[in-house]
Structures are given as C-alpha cells and as structure tokens.
file upload-v2.csv (CSV, C-alpha atoms and all ligand atoms)
chain,number,residue,atom,x,y,z
V,327,MET,CA,63.5,173.8,164.8
V,328,LYS,CA,62.0,172.0,167.8
V,329,ALA,CA,65.4,170.6,168.9
V,330,ILE,CA,66.9,174.1,168.7
V,331,SER,CA,64.1,175.7,170.8
V,332,THR,CA,64.4,172.9,173.4
V,333,ALA,CA,68.2,173.5,173.6
V,334,ILE,CA,67.5,177.2,174.1
V,335,ALA,CA,64.9,176.6,176.8
V,336,THR,CA,67.3,174.3,178.6
V,337,LEU,CA,70.0,176.9,178.5
V,338,LEU,CA,67.7,179.6,179.8
V,339,ALA,CA,66.7,177.4,182.7
V,340,LEU,CA,70.3,176.8,183.6
V,341,ALA,CA,71.5,180.3,183.0
V,342,HIS,CA,68.7,181.7,185.1
V,343,GLN,CA,69.0,179.1,187.8
V,344,CYS,CA,66.3,178.9,190.4
V,345,CYS,CA,63.6,181.0,191.7
V,346,ALA,CA,62.3,183.9,189.6
V,347,ASN,CA,63.7,185.8,186.6
V,348,LEU,CA,62.0,188.9,185.2
V,349,ASP,CA,63.3,190.0,181.8
V,350,ILE,CA,62.6,193.7,181.5
V,351,ILE,CA,64.3,193.9,178.1
V,352,THR,CA,64.6,190.9,175.7
V,353,LEU,CA,65.9,191.9,172.3
V,354,ASN,CA,66.6,189.3,169.7
V,355,THR,CA,68.7,189.7,166.6
V,356,LYS,CA,67.3,188.5,163.3
V,357,GLY,CA,68.6,186.7,160.2
V,358,ASP,CA,72.4,187.1,159.8
V,359,ALA,CA,72.7,190.2,162.0
V,360,TRP,CA,74.4,189.6,165.4
V,361,ILE,CA,75.6,191.7,168.4
V,362,GLN,CA,79.3,192.6,168.4
V,363,GLU,CA,79.3,195.1,171.2
V,364,ALA,CA,77.0,196.4,173.9
V,365,ARG,CA,77.1,198.6,177.0
V,366,ALA,CA,74.7,199.5,179.7
V,367,THR,CA,75.0,201.5,182.9
V,368,LEU,CA,73.0,200.6,186.0
V,369,VAL,CA,72.4,203.4,188.4
V,370,LEU,CA,72.1,201.6,191.8
V,371,GLY,CA,69.0,202.1,193.8
V,372,LYS,CA,68.5,201.3,197.4
V,373,VAL,CA,69.3,197.8,198.6
V,374,PRO,CA,66.4,195.4,199.2
V,375,ASN,CA,64.7,195.8,202.6
V,376,PRO,CA,64.8,193.5,204.4
V,377,MET,CA,68.0,192.0,202.9
V,378,ALA,CA,66.9,188.5,202.0
V,379,GLY,CA,67.7,185.8,199.4
V,380,ASP,CA,69.8,187.0,196.5
V,381,VAL,CA,68.4,189.9,194.4
V,382,ALA,CA,70.4,190.3,191.2
V,383,LEU,CA,70.1,193.1,188.6
V,384,TRP,CA,72.0,192.5,185.3
V,385,SER,CA,72.4,193.2,181.6
V,386,ALA,CA,73.5,190.2,179.5
V,387,ILE,CA,74.2,188.9,176.1
V,388,MET,CA,73.3,185.4,175.1
V,389,MET,CA,75.7,184.0,172.5
V,390,ASP,CA,75.1,181.7,169.6
V,391,LYS,CA,77.3,179.0,171.0
V,392,ARG,CA,75.7,179.0,174.4
V,393,ASP,CA,77.8,181.3,176.5
V,394,PHE,CA,75.9,183.9,178.6
V,395,LEU,CA,77.8,187.1,179.4
V,396,GLN,CA,76.3,188.9,182.3
V,397,GLY,CA,77.4,192.0,184.1
V,398,VAL,CA,76.0,191.2,187.6
V,399,THR,CA,74.9,193.4,190.5
V,400,GLU,CA,73.5,191.6,193.5
V,401,ASN,CA,72.6,192.0,197.1
V,402,ALA,CA,72.6,188.7,199.0
V,403,LEU,CA,72.2,187.9,202.6
V,404,ASN,CA,75.5,185.9,202.6
V,405,SER,CA,77.0,187.0,199.4
V,406,PRO,CA,79.4,184.4,198.1
V,407,TYR,CA,81.2,187.2,196.2
V,408,CYS,CA,81.5,190.2,198.6
V,409,ASN,CA,82.2,190.1,202.3
V,410,ASN,CA,80.5,192.4,204.7
V,411,LEU,CA,78.2,193.7,202.0
V,412,GLY,CA,76.0,195.7,204.4
V,413,SER,CA,73.8,198.2,202.6
V,414,ASN,CA,75.9,198.0,199.4
V,415,TRP,CA,75.6,196.1,196.2
V,416,CYS,CA,78.1,193.6,194.9
V,417,ASN,CA,79.2,194.0,191.2
V,418,PHE,CA,81.2,191.8,188.9
V,419,ALA,CA,81.8,190.7,185.3
V,420,TYR,CA,80.4,187.2,184.9
V,421,THR,CA,80.1,184.6,182.2
V,422,LEU,CA,78.4,181.3,182.2
V,423,VAL,CA,80.6,179.3,179.8
V,424,GLY,CA,78.6,176.6,177.9
V,425,SER,CA,76.0,176.7,180.7
V,426,GLN,CA,78.2,174.7,183.1
V,427,VAL,CA,81.2,176.6,184.2
V,428,ALA,CA,81.0,180.2,185.6
V,429,LYS,CA,83.9,182.6,185.3
V,430,ASN,CA,83.9,186.0,187.1
V,431,GLY,CA,86.0,189.1,187.4
V,432,ALA,CA,86.8,190.7,190.7
V,433,PRO,CA,83.7,191.4,192.9
V,434,VAL,CA,83.5,195.0,194.0
V,435,SER,CA,81.0,196.5,196.4
V,436,ALA,CA,79.3,199.9,195.7
V,437,ALA,CA,76.8,202.1,197.4
V,438,PRO,CA,73.4,203.1,196.2
V,439,GLY,CA,73.7,206.0,193.7
V,440,SER,CA,76.9,204.5,192.1
V,441,ARG,CA,77.0,204.0,188.3
V,442,ILE,CA,77.9,200.4,187.2
V,443,LYS,CA,78.7,200.2,183.5
V,444,THR,CA,79.3,196.9,181.8
V,445,HIS,CA,80.9,197.1,178.4
V,446,TYR,CA,80.9,193.9,176.2
V,447,LYS,CA,82.9,193.8,173.1
V,448,LEU,CA,84.1,191.2,170.6
V,449,ASN,CA,87.8,192.2,170.4
V,450,PRO,CA,88.9,192.1,166.8
V,451,ASP,CA,92.5,191.4,167.8
V,452,THR,CA,91.9,188.4,170.0
V,453,ASN,CA,88.5,187.3,168.8
V,454,GLN,CA,87.5,187.1,172.5
V,455,TRP,CA,84.7,188.9,174.2
V,456,ASP,CA,86.1,191.4,176.6
V,457,GLN,CA,83.7,192.2,179.4
V,458,ASN,CA,84.7,195.2,181.5
V,459,LEU,CA,82.8,196.5,184.5
V,460,TYR,CA,83.3,200.0,185.7
V,461,VAL,CA,82.2,201.5,189.0
V,462,ASN,CA,81.8,205.3,188.6
V,463,ASP,CA,84.0,205.2,185.5
V,464,LYS,CA,86.8,203.2,187.1
V,465,LEU,CA,87.5,199.8,185.5
V,466,LEU,CA,87.4,197.3,188.4
V,467,SER,CA,86.3,193.9,187.1
V,468,SER,CA,86.9,192.2,183.8
V,469,ILE,CA,87.0,188.8,182.0
V,470,SER,CA,87.6,187.7,178.5
V,471,THR,CA,85.8,184.6,177.2
V,472,SER,CA,83.7,183.2,174.4
V,473,GLN,CA,86.2,183.2,171.5
V,474,GLY,CA,84.5,183.6,168.1
V,475,GLN,CA,81.0,183.7,169.5
V,476,HIS,CA,78.3,186.0,168.3
V,477,GLY,CA,75.7,187.8,170.4
V,478,VAL,CA,72.1,186.9,169.6
V,479,ILE,CA,69.9,188.2,172.5
V,480,PHE,CA,70.4,191.3,174.7
V,481,TYR,CA,68.7,191.3,178.1
V,482,VAL,CA,68.1,193.6,181.1
V,483,SER,CA,66.7,191.6,183.9
V,484,ILE,CA,65.8,191.3,187.6
V,485,GLU,CA,66.4,187.9,189.3
V,486,CYS,CA,65.8,186.3,192.6
V,487,ALA,CA,68.8,184.0,192.4
V,488,ALA,CA,68.4,182.2,195.8
V,489,GLY,CA,65.9,181.8,198.5
V,490,THR,CA,63.0,184.2,199.0
V,491,CYS,CA,63.7,187.8,197.9
V,492,SER,CA,62.4,191.2,198.9
V,493,PRO,CA,61.2,193.4,196.1
V,494,ALA,CA,64.0,195.0,193.9
V,495,PRO,CA,64.0,198.7,194.7
V,496,ALA,CA,63.5,201.2,191.8
V,497,HIS,CA,66.6,201.7,189.6
V,498,ALA,CA,67.5,203.0,186.2
V,499,TRP,CA,69.6,201.9,183.2
V,500,GLU,CA,71.4,204.7,181.3
V,501,ASP,CA,73.4,204.8,178.1
V,502,ILE,CA,72.4,201.4,176.8
V,503,SER,CA,73.8,200.9,173.4
V,504,ILE,CA,74.1,197.9,171.1
V,505,THR,CA,76.2,197.6,168.0
V,506,LEU,CA,75.4,194.9,165.4
V,507,ASN,CA,77.8,193.5,162.9
V,508,LYS,CA,75.7,195.0,160.1
V,509,ALA,CA,72.8,197.4,159.8
V,510,ASP,CA,69.4,196.0,160.5
V,511,PRO,CA,66.6,198.6,160.8
V,512,SER,CA,64.2,195.8,161.9
V,513,PHE,CA,66.2,195.4,165.2
V,514,LYS,CA,64.2,198.3,166.7
V,515,HIS,CA,61.7,197.4,169.4
V,516,THR,CA,58.6,199.6,169.6
V,517,GLY,CA,56.2,200.0,172.5
V,518,ALA,CA,56.8,199.5,176.2
V,519,TRP,CA,59.2,197.1,177.8
V,520,GLN,CA,58.1,194.6,180.4
V,521,TYR,CA,57.2,194.9,184.2
V,522,LYS,CA,56.1,198.6,184.1
V,523,ALA,CA,59.5,199.9,183.0
V,524,THR,CA,59.3,203.2,181.2
V,525,GLY,CA,61.7,204.8,178.7
V,526,GLY,CA,64.2,202.7,176.7
V,527,GLU,CA,63.2,204.1,173.4
V,528,MET,CA,65.6,203.0,170.7
V,529,SER,CA,67.2,205.1,168.0
V,530,THR,CA,69.9,204.6,165.5
V,531,PRO,CA,72.3,207.3,164.1
V,532,ASP,CA,73.5,205.0,161.2
V,533,ASN,CA,70.4,203.3,159.8
V,534,GLY,CA,70.5,200.3,162.1
V,535,LYS,CA,74.0,199.3,163.0
V,536,THR,CA,74.3,201.2,166.3
V,537,TRP,CA,71.3,201.4,168.6
V,538,ASN,CA,71.0,203.8,171.6
V,539,PHE,CA,68.4,203.7,174.2
V,540,THR,CA,66.9,206.5,176.3
V,541,THR,CA,67.1,205.9,180.1
V,542,VAL,CA,65.1,202.9,181.3
V,543,HIS,CA,63.3,203.5,184.6
V,544,ILE,CA,62.2,200.4,186.6
V,545,PRO,CA,59.9,200.9,189.6
V,546,ASP,CA,60.0,198.9,192.8
V,547,THR,CA,59.4,195.3,191.6
V,548,ALA,CA,58.3,192.2,193.5
V,549,ILE,CA,60.2,189.2,192.3
V,550,THR,CA,58.0,186.2,192.3
V,551,GLY,CA,57.9,183.3,189.9
Y,1,LIG,C1,75.3,206.2,171.1
Y,1,LIG,O1,76.1,205.4,172.0
Y,1,LIG,C2,77.4,205.4,171.7
Y,1,LIG,C3,78.1,204.4,172.6
Y,1,LIG,O2,77.8,204.5,173.9
Y,1,LIG,C4,78.0,206.8,171.9
Y,1,LIG,O3,79.3,206.9,171.6
Y,1,LIG,C5,77.2,207.8,171.1
Y,1,LIG,O4,77.6,209.1,171.4
Y,1,LIG,C6,75.7,207.6,171.3
Y,1,LIG,N1,75.0,208.4,170.3
Y,1,LIG,C7,74.0,209.3,170.6
Y,1,LIG,C8,73.4,210.0,169.5
Y,1,LIG,O5,73.7,209.5,171.8
call {"tool": "encode", "arguments": {"input": "upload-v2.csv", "output": "structure tokens"}}
result
Amino acid sequence: MKAISTAIATLLALAHQCCANLDIITLNTKGDAWIQEARATLVLGKVPNPMAGDVALWSAIMMDKRDFLQGVTENALNSPYCNNLGSNWCNFAYTLVGSQVAKNGAPVSAAPGSRIKTHYKLNPDTNQWDQNLYVNDKLLSSISTSQGQHGVIFYVSIECAAGTCSPAPAHAWEDISITLNKADPSFKHTGAWQYKATGGEMSTPDNGKTWNFTTVHIPDTAITG
C-alpha cells in the first residue's frame, strides 16, 4: 500500500506542477466502481487582475493507469497556448499521458461569461477516452487518449501553474455529472466542498450510477501554496 500511495503522490506532484493547487472538489471512486464518463461546464468569471503568472481553472479525471485528463481554462501573462489573450481566457482539452507527455486539443480564447463545457467519455467503440471541449455549445477542442483506462478521481480545481498569480475571480461550475461503470450509492459526498465553495450537492436518479451536481459557486480565491 505504501508503494502505491507514494506513486500517487509523485503523480500528483507532476500533474499539478509547481506553485499552488487548490482542489475544490476531490471525489474518489471506491472498490470496483470507476468513472466511465463525466462532464462539467465552467461559466467564466472575470480574468485575474492584474494579469500575472498563470491562473488555471479545470475539471479533471485521474486514471487508474496514470493519465490525467484535464479540460483546462487559463489566463497567463504570456500564454504558451493563446496569442493576444487580452482579457479573455484560453481553453483547451488536455491530457497528461503517463505523467510525462502532454497532449492538447486546439486552444480557443473566450470572453468572461462564456460557458466552457468539457465532456469526458470512455468510447465503447474505440476504448479510448474522448475529451471534447465546447465553448458556448460549439465543439472546438478535442483529443482522444488513454485507451482502456478507468477514471478513479474526479477533480474541480484552481491552480497557479507558473510564477506568482493574482486571485482567481469568482466563477461557477454548472451541470457537473459523473457516470460510474456500476451503481455505487456510497460515491455521494455530503457536506461542503473546499475553499468556501457553495452548492455542488450530489443526487442520483438511478440509485448511484449517474451523479448530478447542483451549481458550484466559487468565490474570489487567493492562490497561495
Ligand atoms: C443529469 O445529467 C445528465 C448528463 O448531463 C443529464 O442528461 C440529465 O438530464 C441530468 N438529470 C437531472 C435529473 O438533472
């Protein structure tokens, strides 16, 4: 068990890179239940002021064989992904493959108020994970990776991925839903999520296979380690 937790700790350190990482939602599967599909819609708030470092907002699924699927939204001073970002956010499908190699879909900039939906699904035809990112319901960024892997942890997080970051302005996550491979009523989290987030109450229409969340509201949040 110790070796396993060390491996996971190492992976988290790599996946989350430098600086500071605040996990608002951390939701672990249990036993032989695993995540086969998830979606989450970020309603973009204002950009950080002043623009500094690299503020990233993401949902993600950690896989059992180390891949980390991450629908990323970021605002960085010199974004390596979006040119002339200005007061927009940069959005893209992203996967850390085996903690070493990153793959990403097309980066797309979007203004505050836009709705960024990431849909993650283990495609039964290809056995690959299709990760599709939609801006205001238009599919604009996608990748397929992680053949045969199973989701084990779902995250919603705020990260300072480089340098020193301004606080992450208030934002909301709508229509989060997670589908397990089989019903597990014990997947439900009760009580508040982290960092003064409100909402995010989980319910299931089918006794524990599909889980839907009420809107999660995250206030202005300083990002310090
Ligand atoms: C739960 O989420 C799924 C997937 O987004 C959606 O199709 C379904 O309508 C939702 N159910 C409820 C009760 O909101």
call {"tool": "closest_residue", "arguments": {"input": "upload-v2.csv", "among": "V:Glu500, V:Asp390, V:Asp546, V:Asp463", "to": "ligand LIG 1 (chain Y)", "atoms": "all atoms listed in the file"}}
result
V:Glu500
call {"tool": "residues_near_ligand", "arguments": {"input": "upload-v2.csv", "ligand": "ligand LIG 1 (chain Y)", "cutoff": "10 Å", "atoms": "all atoms listed in the file", "output": "MDAnalysis selection string"}}
result
chainID V and resid 363:367 445 500:505 529:532 536:540
call {"tool": "closest_atom_pairs", "arguments": {"input": "upload-v2.csv", "of": "range 449-469 of chain V", "to": "range 419-431 of chain V", "cutoff": "6 Å", "atoms": "only C-alpha atoms", "output": "JSON lines"}}
result
{"residue": "V:Leu459", "atom": "CA", "partner": "V:Ala419", "partner_atom": "CA", "distance": 5.9}
{"residue": "V:Ser467", "atom": "CA", "partner": "V:Gly431", "partner_atom": "CA", "distance": 4.8}
{"residue": "V:Ser468", "atom": "CA", "partner": "V:Gly431", "partner_atom": "CA", "distance": 4.8}
{"residue": "V:Ile469", "atom": "CA", "partner": "V:Gly431", "partner_atom": "CA", "distance": 5.5}
call {"tool": "residues_around", "arguments": {"input": "upload-v2.csv", "residues": "Val373 in chain V", "least_positions_apart": "3", "cutoff": "8 Å", "atoms": "all atoms listed in the file", "output": "list of chain:residue names"}}
result
V:Met377, V:Asn401, V:Ser413, V:Asn414, V:Trp415, V:Pro438, V:Ala494, V:Pro495
call {"tool": "atom_distance", "arguments": {"input": "upload-v2.csv", "atom1": "CA of Ala518 in chain V", "atom2": "CA of Arg392 in chain V"}}
result
27.9 Å
call {"tool": "residues_around", "arguments": {"input": "upload-v2.csv", "residues": "His515 in chain V", "least_positions_apart": "5", "cutoff": "10 Å", "atoms": "all atoms listed in the file", "output": "compact mmCIF listing (two decimals) with C-alpha atoms, keeping the file's coordinate frame"}}
result
# COMPACT_ATOMS: atom_id res chain seq x y z
CA ILE V 351 64.30 193.90 178.10
CA THR V 352 64.60 190.90 175.70
CA LEU V 353 65.90 191.90 172.30
CA ASN V 354 66.60 189.30 169.70
CA GLY V 526 64.20 202.70 176.70
CA GLU V 527 63.20 204.10 173.40
CA MET V 528 65.60 203.00 170.70
CA SER V 529 67.20 205.10 168.00
call {"tool": "residues_around", "arguments": {"input": "upload-v2.csv", "residues": "Ala386 in chain V", "least_positions_apart": "4", "cutoff": "6 Å", "atoms": "all atoms listed in the file", "output": "mmCIF file with C-alpha atoms, in the coordinates of the input"}}
result
data_model
loop_
_atom_site.group_PDB
_atom_site.id
_atom_site.type_symbol
_atom_site.label_atom_id
_atom_site.label_comp_id
_atom_site.auth_asym_id
_atom_site.auth_seq_id
_atom_site.Cartn_x
_atom_site.Cartn_y
_atom_site.Cartn_z
ATOM 1 C CA LEU V 395 77.800 187.100 179.400
ATOM 2 C CA GLN V 396 76.300 188.900 182.300
ATOM 3 C CA PHE V 480 70.400 191.300 174.700
ATOM 4 C CA TYR V 481 68.700 191.300 178.100
#
call {"tool": "closest_residue", "arguments": {"input": "upload-v2.csv", "among": "V:Met388, V:Ala432, V:Ala402, V:Leu448", "to": "Asn507 in chain V", "atoms": "only C-alpha atoms"}}
result
V:Leu448
call {"tool": "atom_distance", "arguments": {"input": "upload-v2.csv", "atom1": "CA of Ile484 in chain V", "atom2": "CA of Ser405 in chain V"}}
result
16.8 Å
call {"tool": "residues_around", "arguments": {"input": "upload-v2.csv", "residues": "Ala488 in chain V", "least_positions_apart": "2", "cutoff": "7 Å", "atoms": "only C-alpha atoms", "output": "PyMOL selection string"}}
result
chain V and resi 344-345+379-380+486+490
call {"tool": "write_last_selection", "arguments": {"input": "upload-v2.csv", "atoms": "C-alpha atoms", "output": "tab-separated table (two decimals), keeping the file's coordinate frame"}}
result
chain	number	residue	atom	x	y	z
V	344	CYS	CA	66.30	178.90	190.40
V	345	CYS	CA	63.60	181.00	191.70
V	379	GLY	CA	67.70	185.80	199.40
V	380	ASP	CA	69.80	187.00	196.50
V	486	CYS	CA	65.80	186.30	192.60
V	490	THR	CA	63.00	184.20	199.00
call {"tool": "closest_residue", "arguments": {"input": "upload-v2.csv", "among": "V:Thr471, V:Asn462, V:Pro450, V:Val369", "to": "Val542 in chain V", "atoms": "only C-alpha atoms"}}
result
V:Val369
call {"tool": "closest_residue", "arguments": {"input": "upload-v2.csv", "among": "V:Met389, V:Ile544, V:Val478, V:Leu466", "to": "Cys416 in chain V", "atoms": "all atoms listed in the file"}}
result
V:Leu466
call {"tool": "atom_distance", "arguments": {"input": "upload-v2.csv", "atom1": "CA of Ser472 in chain V", "atom2": "CA of Tyr446 in chain V"}}
result
11.2 Å
